[in-house]
$ cat structure-v4.pdb   # PDB, C-alpha atoms
ATOM      1  CA  MET A   1      10.442   8.452  11.649  1.00  0.00           C
ATOM      2  CA  THR A   2      10.224  10.143   8.259  1.00  0.00           C
ATOM      3  CA  ILE A   3      10.048   7.925   5.241  1.00  0.00           C
ATOM      4  CA  GLN A   4      12.349  10.199   3.231  1.00  0.00           C
ATOM      5  CA  GLN A   5      15.270   8.948   5.311  1.00  0.00           C
ATOM      6  CA  PHE A   6      14.854   5.491   3.715  1.00  0.00           C
ATOM      7  CA  ILE A   7      15.042   6.594   0.063  1.00  0.00           C
ATOM      8  CA  PRO A   8      18.846   6.104  -0.074  1.00  0.00           C
ATOM      9  CA  ASP A   9      18.347   2.515   1.121  1.00  0.00           C
ATOM     10  CA  PHE A  10      16.219   1.794  -1.947  1.00  0.00           C
ATOM     11  CA  LEU A  11      18.635   3.577  -4.251  1.00  0.00           C
ATOM     12  CA  ASP A  12      21.428   1.363  -2.882  1.00  0.00           C
ATOM     13  CA  ILE A  13      19.716  -1.802  -4.146  1.00  0.00           C
ATOM     14  CA  LEU A  14      19.819  -0.369  -7.676  1.00  0.00           C
ATOM     15  CA  TYR A  15      23.459  -1.487  -7.688  1.00  0.00           C
ATOM     16  CA  THR A  16      22.133  -5.058  -7.720  1.00  0.00           C
ATOM     17  CA  ALA A  17      21.950  -6.195 -11.345  1.00  0.00           C
ATOM     18  CA  ASP A  18      18.750  -8.240 -10.773  1.00  0.00           C
ATOM     19  CA  VAL A  19      16.963  -5.138  -9.512  1.00  0.00           C
ATOM     20  CA  ARG A  20      18.482  -2.567 -11.854  1.00  0.00           C
ATOM     21  CA  ARG A  21      17.298  -4.352 -14.990  1.00  0.00           C
ATOM     22  CA  LEU A  22      13.718  -4.569 -13.675  1.00  0.00           C
ATOM     23  CA  ILE A  23      13.010  -0.910 -12.987  1.00  0.00           C
ATOM     24  CA  THR A  24      13.074   2.100 -15.254  1.00  0.00           C
ATOM     25  CA  LEU A  25      14.209   5.588 -14.379  1.00  0.00           C
ATOM     26  CA  GLU A  26      10.603   6.724 -14.852  1.00  0.00           C
ATOM     27  CA  GLU A  27       9.410   4.224 -12.235  1.00  0.00           C
ATOM     28  CA  VAL A  28      12.035   5.396  -9.741  1.00  0.00           C
ATOM     29  CA  ARG A  29      11.008   8.986 -10.440  1.00  0.00           C
ATOM     30  CA  ASP A  30       7.337   8.117  -9.924  1.00  0.00           C
ATOM     31  CA  ALA A  31       7.964   6.060  -6.778  1.00  0.00           C
ATOM     32  CA  PHE A  32       9.726   8.929  -5.049  1.00  0.00           C
ATOM     33  CA  HIS A  33       7.697  11.819  -6.441  1.00  0.00           C
ATOM     34  CA  THR A  34       6.551  14.271  -3.787  1.00  0.00           C
ATOM     35  CA  ASN A  35       2.928  13.136  -4.208  1.00  0.00           C
ATOM     36  CA  GLN A  36       3.908   9.518  -3.525  1.00  0.00           C
ATOM     37  CA  ILE A  37       5.997  10.384  -0.472  1.00  0.00           C
ATOM     38  CA  LEU A  38       3.280  12.599   1.028  1.00  0.00           C
ATOM     39  CA  SER A  39       0.711   9.857   0.404  1.00  0.00           C
ATOM     40  CA  LYS A  40       2.934   7.244   2.043  1.00  0.00           C
ATOM     41  CA  GLU A  41       3.417   9.520   5.080  1.00  0.00           C
ATOM     42  CA  HIS A  42      -0.357   9.522   5.578  1.00  0.00           C
ATOM     43  CA  ALA A  43      -0.415   5.763   5.131  1.00  0.00           C
ATOM     44  CA  VAL A  44       2.139   5.445   7.950  1.00  0.00           C
ATOM     45  CA  ALA A  45       0.060   7.784  10.113  1.00  0.00           C
ATOM     46  CA  GLY A  46      -3.001   5.622   9.472  1.00  0.00           C
ATOM     47  CA  PHE A  47      -1.056   2.426  10.188  1.00  0.00           C
ATOM     48  CA  ARG A  48       0.012   3.808  13.573  1.00  0.00           C
ATOM     49  CA  THR A  49      -3.668   3.907  14.626  1.00  0.00           C
ATOM     50  CA  LEU A  50      -4.113   0.157  14.113  1.00  0.00           C
ATOM     51  CA  SER A  51      -3.079  -2.856  16.214  1.00  0.00           C
ATOM     52  CA  PRO A  52      -1.563  -5.216  13.641  1.00  0.00           C
ATOM     53  CA  SER A  53       0.528  -8.334  14.116  1.00  0.00           C
ATOM     54  CA  ASN A  54       0.327 -10.028  10.687  1.00  0.00           C
ATOM     55  CA  THR A  55      -0.028  -7.601   7.778  1.00  0.00           C
ATOM     56  CA  LEU A  56      -0.565  -8.085   4.045  1.00  0.00           C
ATOM     57  CA  TYR A  57       0.300  -5.179   1.768  1.00  0.00           C
ATOM     58  CA  VAL A  58      -1.713  -5.471  -1.459  1.00  0.00           C
ATOM     59  CA  GLY A  59      -0.154  -3.706  -4.455  1.00  0.00           C
ATOM     60  CA  SER A  60       3.206  -3.404  -2.746  1.00  0.00           C
ATOM     61  CA  TRP A  61       4.976  -2.276  -5.935  1.00  0.00           C
ATOM     62  CA  ILE A  62       8.679  -1.796  -5.101  1.00  0.00           C
ATOM     63  CA  GLY A  63       8.189  -2.515  -1.401  1.00  0.00           C
ATOM     64  CA  PHE A  64       9.231   0.913  -0.186  1.00  0.00           C
ATOM     65  CA  LEU A  65       6.378   1.330   2.293  1.00  0.00           C
ATOM     66  CA  THR A  66       6.874  -2.213   3.599  1.00  0.00           C
ATOM     67  CA  TYR A  67      10.526  -1.415   4.241  1.00  0.00           C
ATOM     68  CA  CYS A  68       9.621   1.789   6.115  1.00  0.00           C
ATOM     69  CA  LEU A  69       6.971   0.041   8.221  1.00  0.00           C
ATOM     70  CA  LYS A  70       9.370  -2.798   9.062  1.00  0.00           C
ATOM     71  CA  LYS A  71      11.866  -0.249  10.357  1.00  0.00           C
ATOM     72  CA  GLU A  72       9.288   1.373  12.641  1.00  0.00           C
ATOM     73  CA  PHE A  73       7.461  -1.838  13.608  1.00  0.00           C
ATOM     74  CA  PRO A  74      10.081  -4.628  13.706  1.00  0.00           C
ATOM     75  CA  ASN A  75       7.818  -7.004  15.657  1.00  0.00           C
ATOM     76  CA  ILE A  76       5.031  -7.059  13.070  1.00  0.00           C
ATOM     77  CA  LYS A  77       5.042  -9.742  10.378  1.00  0.00           C
ATOM     78  CA  PHE A  78       4.653  -8.275   6.887  1.00  0.00           C
ATOM     79  CA  SER A  79       3.881  -9.951   3.559  1.00  0.00           C
ATOM     80  CA  GLU A  80       3.428  -8.413   0.129  1.00  0.00           C
ATOM     81  CA  LEU A  81       1.081  -9.155  -2.759  1.00  0.00           C
ATOM     82  CA  ASP A  82       1.392  -7.683  -6.226  1.00  0.00           C
ATOM     83  CA  ILE A  83       0.214  -8.778  -9.653  1.00  0.00           C
ATOM     84  CA  ASP A  84       3.505  -7.588 -11.205  1.00  0.00           C
ATOM     85  CA  HIS A  85       6.030 -10.467 -11.132  1.00  0.00           C
ATOM     86  CA  ARG A  86       8.952  -8.007 -10.911  1.00  0.00           C
ATOM     87  CA  CYS A  87       7.875  -7.014  -7.396  1.00  0.00           C
ATOM     88  CA  ALA A  88       9.004 -10.381  -6.007  1.00  0.00           C
ATOM     89  CA  THR A  89      12.591  -9.374  -6.822  1.00  0.00           C
ATOM     90  CA  PHE A  90      12.174  -6.059  -5.023  1.00  0.00           C
ATOM     91  CA  SER A  91      10.881  -7.988  -2.002  1.00  0.00           C
ATOM     92  CA  LYS A  92      13.841 -10.343  -2.119  1.00  0.00           C
ATOM     93  CA  TYR A  93      16.452  -7.601  -2.091  1.00  0.00           C
ATOM     94  CA  PHE A  94      14.723  -4.697  -0.366  1.00  0.00           C
ATOM     95  CA  SER A  95      11.791  -5.358   1.938  1.00  0.00           C
ATOM     96  CA  GLN A  96      12.856  -8.997   2.517  1.00  0.00           C
ATOM     97  CA  VAL A  97       9.387 -10.268   3.372  1.00  0.00           C
ATOM     98  CA  PRO A  98       7.281 -13.109   1.951  1.00  0.00           C
ATOM     99  CA  HIS A  99       5.921 -12.075  -1.426  1.00  0.00           C
ATOM    100  CA  TYR A 100       2.976 -13.418  -3.414  1.00  0.00           C
ATOM    101  CA  THR A 101       2.600 -12.740  -7.141  1.00  0.00           C
ATOM    102  CA  CYS A 102      -1.108 -12.917  -7.820  1.00  0.00           C
ATOM    103  CA  ASP A 103      -4.181 -10.919  -8.718  1.00  0.00           C
ATOM    104  CA  ILE A 104      -5.947 -10.069  -5.433  1.00  0.00           C
ATOM    105  CA  GLN A 105      -9.187 -11.442  -6.884  1.00  0.00           C
ATOM    106  CA  TYR A 106      -7.633 -14.943  -6.901  1.00  0.00           C
ATOM    107  CA  PHE A 107      -5.612 -14.702  -3.696  1.00  0.00           C
ATOM    108  CA  ASN A 108      -7.112 -17.235  -1.293  1.00  0.00           C
ATOM    109  CA  MET A 109      -5.156 -16.395   1.882  1.00  0.00           C
ATOM    110  CA  LEU A 110      -6.789 -13.079   2.894  1.00  0.00           C
ATOM    111  CA  SER A 111      -8.213 -14.599   6.066  1.00  0.00           C
ATOM    112  CA  GLU A 112      -4.697 -15.411   7.324  1.00  0.00           C
ATOM    113  CA  PHE A 113      -3.917 -11.729   7.980  1.00  0.00           C
ATOM    114  CA  ASP A 114      -5.242  -9.510  10.763  1.00  0.00           C
ATOM    115  CA  THR A 115      -4.360  -6.381   8.790  1.00  0.00           C
ATOM    116  CA  VAL A 116      -4.619  -5.582   5.073  1.00  0.00           C
ATOM    117  CA  ILE A 117      -3.040  -2.526   3.452  1.00  0.00           C
ATOM    118  CA  ASN A 118      -4.238  -1.454   0.015  1.00  0.00           C
ATOM    119  CA  LEU A 119      -3.036   1.937  -1.179  1.00  0.00           C
ATOM    120  CA  SER A 120      -4.196   1.238  -4.750  1.00  0.00           C
ATOM    121  CA  CYS A 121      -7.940   0.850  -4.286  1.00  0.00           C
ATOM    122  CA  GLU A 122      -8.598   2.917  -7.410  1.00  0.00           C
ATOM    123  CA  HIS A 123      -6.972   0.148  -9.503  1.00  0.00           C
ATOM    124  CA  MET A 124      -9.438  -2.621  -8.542  1.00  0.00           C
ATOM    125  CA  ASP A 125     -13.080  -3.183  -7.799  1.00  0.00           C
ATOM    126  CA  ASN A 126     -14.265  -3.979  -4.257  1.00  0.00           C
ATOM    127  CA  ARG A 127     -14.524  -7.770  -4.517  1.00  0.00           C
ATOM    128  CA  TRP A 128     -11.242  -8.166  -2.615  1.00  0.00           C
ATOM    129  CA  PHE A 129     -12.580  -5.975   0.211  1.00  0.00           C
ATOM    130  CA  ASP A 130     -15.806  -7.939   0.397  1.00  0.00           C
ATOM    131  CA  ARG A 131     -13.744 -11.110   1.015  1.00  0.00           C
ATOM    132  CA  ILE A 132     -11.908  -9.680   4.047  1.00  0.00           C
ATOM    133  CA  LYS A 133     -13.329 -11.062   7.279  1.00  0.00           C
ATOM    134  CA  HIS A 134     -15.016  -8.725   9.730  1.00  0.00           C
ATOM    135  CA  GLY A 135     -12.707  -7.554  12.514  1.00  0.00           C
ATOM    136  CA  THR A 136      -9.733  -7.157  10.153  1.00  0.00           C
ATOM    137  CA  ASN A 137      -7.664  -3.967  10.400  1.00  0.00           C
ATOM    138  CA  VAL A 138      -7.506  -2.143   7.073  1.00  0.00           C
ATOM    139  CA  LEU A 139      -5.462   0.747   5.733  1.00  0.00           C
ATOM    140  CA  LEU A 140      -6.811   2.060   2.441  1.00  0.00           C
ATOM    141  CA  GLN A 141      -6.008   4.792  -0.033  1.00  0.00           C
ATOM    142  CA  SER A 142      -7.846   5.910  -3.133  1.00  0.00           C
ATOM    143  CA  ASN A 143      -8.051   9.091  -5.182  1.00  0.00           C
ATOM    144  CA  ASN A 144     -10.198  11.094  -7.564  1.00  0.00           C
ATOM    145  CA  LEU A 145      -7.840  10.994 -10.573  1.00  0.00           C
ATOM    146  CA  ARG A 146      -9.734   9.673 -13.587  1.00  0.00           C
ATOM    147  CA  ILE A 147      -7.322   7.870 -15.913  1.00  0.00           C
ATOM    148  CA  ASP A 148      -7.648   4.588 -17.834  1.00  0.00           C
ATOM    149  CA  ASP A 149      -6.245   2.223 -15.206  1.00  0.00           C
ATOM    150  CA  HIS A 150      -8.236   3.807 -12.346  1.00  0.00           C
ATOM    151  CA  VAL A 151     -11.434   1.759 -12.337  1.00  0.00           C
ATOM    152  CA  ASN A 152     -12.688   2.535  -8.810  1.00  0.00           C
ATOM    153  CA  CYS A 153     -12.048   6.179  -7.908  1.00  0.00           C
ATOM    154  CA  CYS A 154     -13.610   8.040  -5.005  1.00  0.00           C
ATOM    155  CA  ASP A 155     -14.685  11.659  -5.330  1.00  0.00           C
ATOM    156  CA  SER A 156     -14.290  12.442  -1.623  1.00  0.00           C
ATOM    157  CA  ILE A 157     -13.350  10.874   1.697  1.00  0.00           C
ATOM    158  CA  ASP A 158     -17.069  10.576   2.462  1.00  0.00           C
ATOM    159  CA  VAL A 159     -17.610   8.540  -0.717  1.00  0.00           C
ATOM    160  CA  MET A 160     -14.677   6.343   0.301  1.00  0.00           C
ATOM    161  CA  LYS A 161     -16.195   5.800   3.755  1.00  0.00           C
ATOM    162  CA  GLU A 162     -19.454   4.669   2.114  1.00  0.00           C
ATOM    163  CA  LYS A 163     -17.633   2.390  -0.313  1.00  0.00           C
ATOM    164  CA  TYR A 164     -15.497   0.783   2.411  1.00  0.00           C
ATOM    165  CA  ASN A 165     -17.934   0.511   5.279  1.00  0.00           C
ATOM    166  CA  LEU A 166     -15.780   0.150   8.407  1.00  0.00           C
ATOM    167  CA  THR A 167     -17.163  -0.627  11.859  1.00  0.00           C
ATOM    168  CA  ASN A 168     -14.533   1.612  13.463  1.00  0.00           C
ATOM    169  CA  ILE A 169     -12.590   4.391  11.699  1.00  0.00           C
ATOM    170  CA  THR A 170      -9.278   5.213  13.377  1.00  0.00           C
ATOM    171  CA  TYR A 171      -7.853   7.554  10.713  1.00  0.00           C
ATOM    172  CA  SER A 172      -9.425   9.603   7.925  1.00  0.00           C
ATOM    173  CA  HIS A 173      -7.593  12.167   5.818  1.00  0.00           C
ATOM    174  CA  THR A 174      -7.816  14.038   2.517  1.00  0.00           C
ATOM    175  CA  LEU A 175      -4.497  15.069   1.013  1.00  0.00           C
ATOM    176  CA  GLU A 176      -4.849  17.764  -1.639  1.00  0.00           C
ATOM    177  CA  LEU A 177      -2.166  17.224  -4.265  1.00  0.00           C
ATOM    178  CA  ASN A 178      -1.384  19.103  -7.460  1.00  0.00           C
ATOM    179  CA  VAL A 179      -3.281  16.735  -9.803  1.00  0.00           C
ATOM    180  CA  MET A 180      -5.665  14.906  -7.463  1.00  0.00           C
ATOM    181  CA  ASN A 181      -6.839  14.355  -3.933  1.00  0.00           C
ATOM    182  CA  ARG A 182      -5.665  11.209  -2.140  1.00  0.00           C
ATOM    183  CA  TYR A 183      -7.886   9.778   0.562  1.00  0.00           C
ATOM    184  CA  THR A 184      -6.561   7.685   3.440  1.00  0.00           C
ATOM    185  CA  LEU A 185      -8.844   5.578   5.601  1.00  0.00           C
ATOM    186  CA  ALA A 186      -7.811   3.246   8.425  1.00  0.00           C
ATOM    187  CA  GLY A 187      -9.897   1.223  10.818  1.00  0.00           C
ATOM    188  CA  ILE A 188     -11.604  -2.086  11.379  1.00  0.00           C
ATOM    189  CA  LYS A 189     -13.886  -3.769   8.877  1.00  0.00           C
TER     190      LYS A 189
END
$ encode --input "structure-v4.pdb" --output "structure tokens"
Amino acid sequence: MTIQQFIPDFLDILYTADVRRLITLEEVRDAFHTNQILSKEHAVAGFRTLSPSNTLYVGSWIGFLTYCLKKEFPNIKFSELDIDHRCATFSKYFSQVPHYTCDIQYFNMLSEFDTVINLSCEHMDNRWFDRIKHGTNVLLQSNNLRIDDHVNCCDSIDVMKEKYNLTNITYSHTLELNVMNRYTLAGIK
């Protein structure tokens, strides 16, 4: 499976008026930028090393990765969590999974999932991670790009491993991109 093959599926939902009015051309451009697609490919590779059955994707944005994972893993239950209320509409029409609109810091159902995906670790402090029970599968991404809304960057994959102390690492990768490095870490907390 390559995730690029699913881009037309997302573009098709832009014909839905509810979706079209919620997303800008700039967001579509950013969602399918080469850096995003390459990063998502490594997220899929990391996910393949885990043994999930009930997965929460934190910061799901437009639900593109959820959609791709559902296609490859149809027997896994997926849910999405995003602070942006617009993402619930993307879930309704695209990924078609349960969606929660909430700040992760106030989400009280983390213990209900055996796997947590967070590809936006640089956007939040580690309190959410500290609340995940031991034995939970995690798939994490962060980067070293210092901009205003990145409050928790990592300068290397080794720094990320220290910050997210896993009992078993199943996948570790540094992706060198044109403006930053993206770090992917999968394993068991």
$ residues_around --input "structure-v4.pdb" --residues "range 98-106 of chain A" --least-positions-apart "3" --cutoff "7 Å" --atoms "all atoms listed in the file" --output "list in words"
Ser79, Glu80, Leu81, Asp82, Ile83, Asp84, His85, Ala88, Ser91, Arg127 and Trp128 of chain A
$ residues_around --input "structure-v4.pdb" --residues "Leu69 in chain A" --least-positions-apart "2" --cutoff "12 Å" --atoms "all atoms listed in the file" --output "number ranges by chain"
A: 1-3, 6, 40-41, 43-48, 52, 55-57, 63-67, 71-79, 95, 97, 117
$ atom_distance --input "structure-v4.pdb" --atom1 "CA of Glu112 in chain A" --atom2 "CA of Asn165 in chain A"
20.8 Å
$ residues_around --input "structure-v4.pdb" --residues "Arg146 in chain A" --least-positions-apart "5" --cutoff "12 Å" --atoms "only C-alpha atoms" --output "ChimeraX atom specification"
/A:122-123,151-155,179-181
$ closest_residue --input "structure-v4.pdb" --among "A:Ser53, A:Thr24, A:Thr184, A:Thr174" --to "Asn137 in chain A" --atoms "all atoms listed in the file"
A:Ser53
$ resolve_selection --input "structure-v4.pdb" --expression "the PyMOL selection byres ((chain A and resi 163) around 12)" --output "PyMOL selection string"
chain A and resi 121-122+125-127+129-130+140-142+152-162+164-166+185+189
$ resolve_selection --input "structure-v4.pdb" --expression "the PyMOL selection byres ((chain A and resi 14) around 12)" --output "VMD selection string"
chain A and resid 7 to 13 15 to 25 28 62 89 to 90 93 to 94
$ closest_residue --input "structure-v4.pdb" --among "A:Asn143, A:Leu110, A:Val58, A:Gln96" --to "Lys70 in chain A" --atoms "all atoms listed in the file"
A:Gln96
$ atom_distance --input "structure-v4.pdb" --atom1 "CA of Thr170 in chain A" --atom2 "CA of Thr49 in chain A"
5.9 Å
$ residues_around --input "structure-v4.pdb" --residues "Thr167 in chain A" --least-positions-apart "2" --cutoff "9 Å" --atoms "only C-alpha atoms" --output "list in words"
His134, Gly135, Asn165, Ile169, Gly187, Ile188 and Lys189 of chain A
$ atom_distance --input "structure-v4.pdb" --atom1 "CA of Ser60 in chain A" --atom2 "CA of Tyr183 in chain A"
17.5 Å
$ closest_residue --input "structure-v4.pdb" --among "A:Ile37, A:Val116, A:Leu175, A:Ala31" --to "Lys133 in chain A" --atoms "only C-alpha atoms"
A:Val116
$ decode --input "structure-v4.pdb" --residues "range 41-61 of chain A" --atoms "N, CA and C atoms" --output "PDB file, in the first residue's frame"
ATOM      1  N   GLU A  41       4.099   8.187   5.448  1.00  0.00           N
ATOM      2  CA  GLU A  41       4.591   6.860   5.050  1.00  0.00           C
ATOM      3  C   GLU A  41       5.387   6.219   6.191  1.00  0.00           C
ATOM      4  N   HIS A  42       6.189   7.031   6.886  1.00  0.00           N
ATOM      5  CA  HIS A  42       6.945   6.488   8.019  1.00  0.00           C
ATOM      6  C   HIS A  42       6.033   6.188   9.199  1.00  0.00           C
ATOM      7  N   ALA A  43       4.969   6.945   9.340  1.00  0.00           N
ATOM      8  CA  ALA A  43       3.987   6.633  10.378  1.00  0.00           C
ATOM      9  C   ALA A  43       3.342   5.273  10.099  1.00  0.00           C
ATOM     10  N   VAL A  44       2.993   5.017   8.857  1.00  0.00           N
ATOM     11  CA  VAL A  44       2.410   3.715   8.489  1.00  0.00           C
ATOM     12  C   VAL A  44       3.415   2.602   8.757  1.00  0.00           C
ATOM     13  N   ALA A  45       4.667   2.827   8.389  1.00  0.00           N
ATOM     14  CA  ALA A  45       5.702   1.817   8.647  1.00  0.00           C
ATOM     15  C   ALA A  45       5.820   1.530  10.144  1.00  0.00           C
ATOM     16  N   GLY A  46       5.775   2.568  10.960  1.00  0.00           N
ATOM     17  CA  GLY A  46       5.822   2.382  12.405  1.00  0.00           C
ATOM     18  C   GLY A  46       4.589   1.657  12.921  1.00  0.00           C
ATOM     19  N   PHE A  47       3.422   1.989  12.381  1.00  0.00           N
ATOM     20  CA  PHE A  47       2.178   1.348  12.810  1.00  0.00           C
ATOM     21  C   PHE A  47       2.208  -0.154  12.520  1.00  0.00           C
ATOM     22  N   ARG A  48       2.808  -0.520  11.416  1.00  0.00           N
ATOM     23  CA  ARG A  48       2.894  -1.949  11.040  1.00  0.00           C
ATOM     24  C   ARG A  48       3.677  -2.769  12.055  1.00  0.00           C
ATOM     25  N   THR A  49       4.499  -2.135  12.874  1.00  0.00           N
ATOM     26  CA  THR A  49       5.313  -2.869  13.862  1.00  0.00           C
ATOM     27  C   THR A  49       4.574  -3.086  15.180  1.00  0.00           C
ATOM     28  N   LEU A  50       3.375  -2.551  15.296  1.00  0.00           N
ATOM     29  CA  LEU A  50       2.594  -2.645  16.523  1.00  0.00           C
ATOM     30  C   LEU A  50       1.528  -3.728  16.391  1.00  0.00           C
ATOM     31  N   SER A  51       0.862  -4.036  17.497  1.00  0.00           N
ATOM     32  CA  SER A  51      -0.233  -5.014  17.503  1.00  0.00           C
ATOM     33  C   SER A  51      -1.490  -4.361  18.064  1.00  0.00           C
ATOM     34  N   PRO A  52      -2.079  -3.435  17.310  1.00  0.00           N
ATOM     35  CA  PRO A  52      -3.231  -2.690  17.811  1.00  0.00           C
ATOM     36  C   PRO A  52      -4.568  -3.395  17.540  1.00  0.00           C
ATOM     37  N   SER A  53      -5.558  -3.061  18.361  1.00  0.00           N
ATOM     38  CA  SER A  53      -6.924  -3.482  18.058  1.00  0.00           C
ATOM     39  C   SER A  53      -7.892  -2.315  18.216  1.00  0.00           C
ATOM     40  N   ASN A  54      -7.557  -1.347  19.076  1.00  0.00           N
ATOM     41  CA  ASN A  54      -8.418  -0.196  19.335  1.00  0.00           C
ATOM     42  C   ASN A  54      -7.528   1.038  19.430  1.00  0.00           C
ATOM     43  N   THR A  55      -7.527   1.848  18.379  1.00  0.00           N
ATOM     44  CA  THR A  55      -6.536   2.909  18.197  1.00  0.00           C
ATOM     45  C   THR A  55      -7.160   4.293  18.240  1.00  0.00           C
ATOM     46  N   LEU A  56      -6.531   5.197  18.981  1.00  0.00           N
ATOM     47  CA  LEU A  56      -6.900   6.607  19.005  1.00  0.00           C
ATOM     48  C   LEU A  56      -5.823   7.398  18.280  1.00  0.00           C
ATOM     49  N   TYR A  57      -6.250   8.208  17.319  1.00  0.00           N
ATOM     50  CA  TYR A  57      -5.335   9.081  16.595  1.00  0.00           C
ATOM     51  C   TYR A  57      -5.541  10.505  17.111  1.00  0.00           C
ATOM     52  N   VAL A  58      -4.569  10.997  17.860  1.00  0.00           N
ATOM     53  CA  VAL A  58      -4.602  12.337  18.440  1.00  0.00           C
ATOM     54  C   VAL A  58      -4.092  13.327  17.406  1.00  0.00           C
ATOM     55  N   GLY A  59      -4.826  14.419  17.195  1.00  0.00           N
ATOM     56  CA  GLY A  59      -4.419  15.413  16.198  1.00  0.00           C
ATOM     57  C   GLY A  59      -4.643  14.904  14.788  1.00  0.00           C
ATOM     58  N   SER A  60      -5.796  14.323  14.579  1.00  0.00           N
ATOM     59  CA  SER A  60      -6.096  13.625  13.318  1.00  0.00           C
ATOM     60  C   SER A  60      -6.243  14.551  12.117  1.00  0.00           C
ATOM     61  N   TRP A  61      -6.445  15.824  12.348  1.00  0.00           N
ATOM     62  CA  TRP A  61      -6.559  16.834  11.303  1.00  0.00           C
ATOM     63  C   TRP A  61      -7.649  16.461  10.321  1.00  0.00           C
TER      64      TRP A  61
END
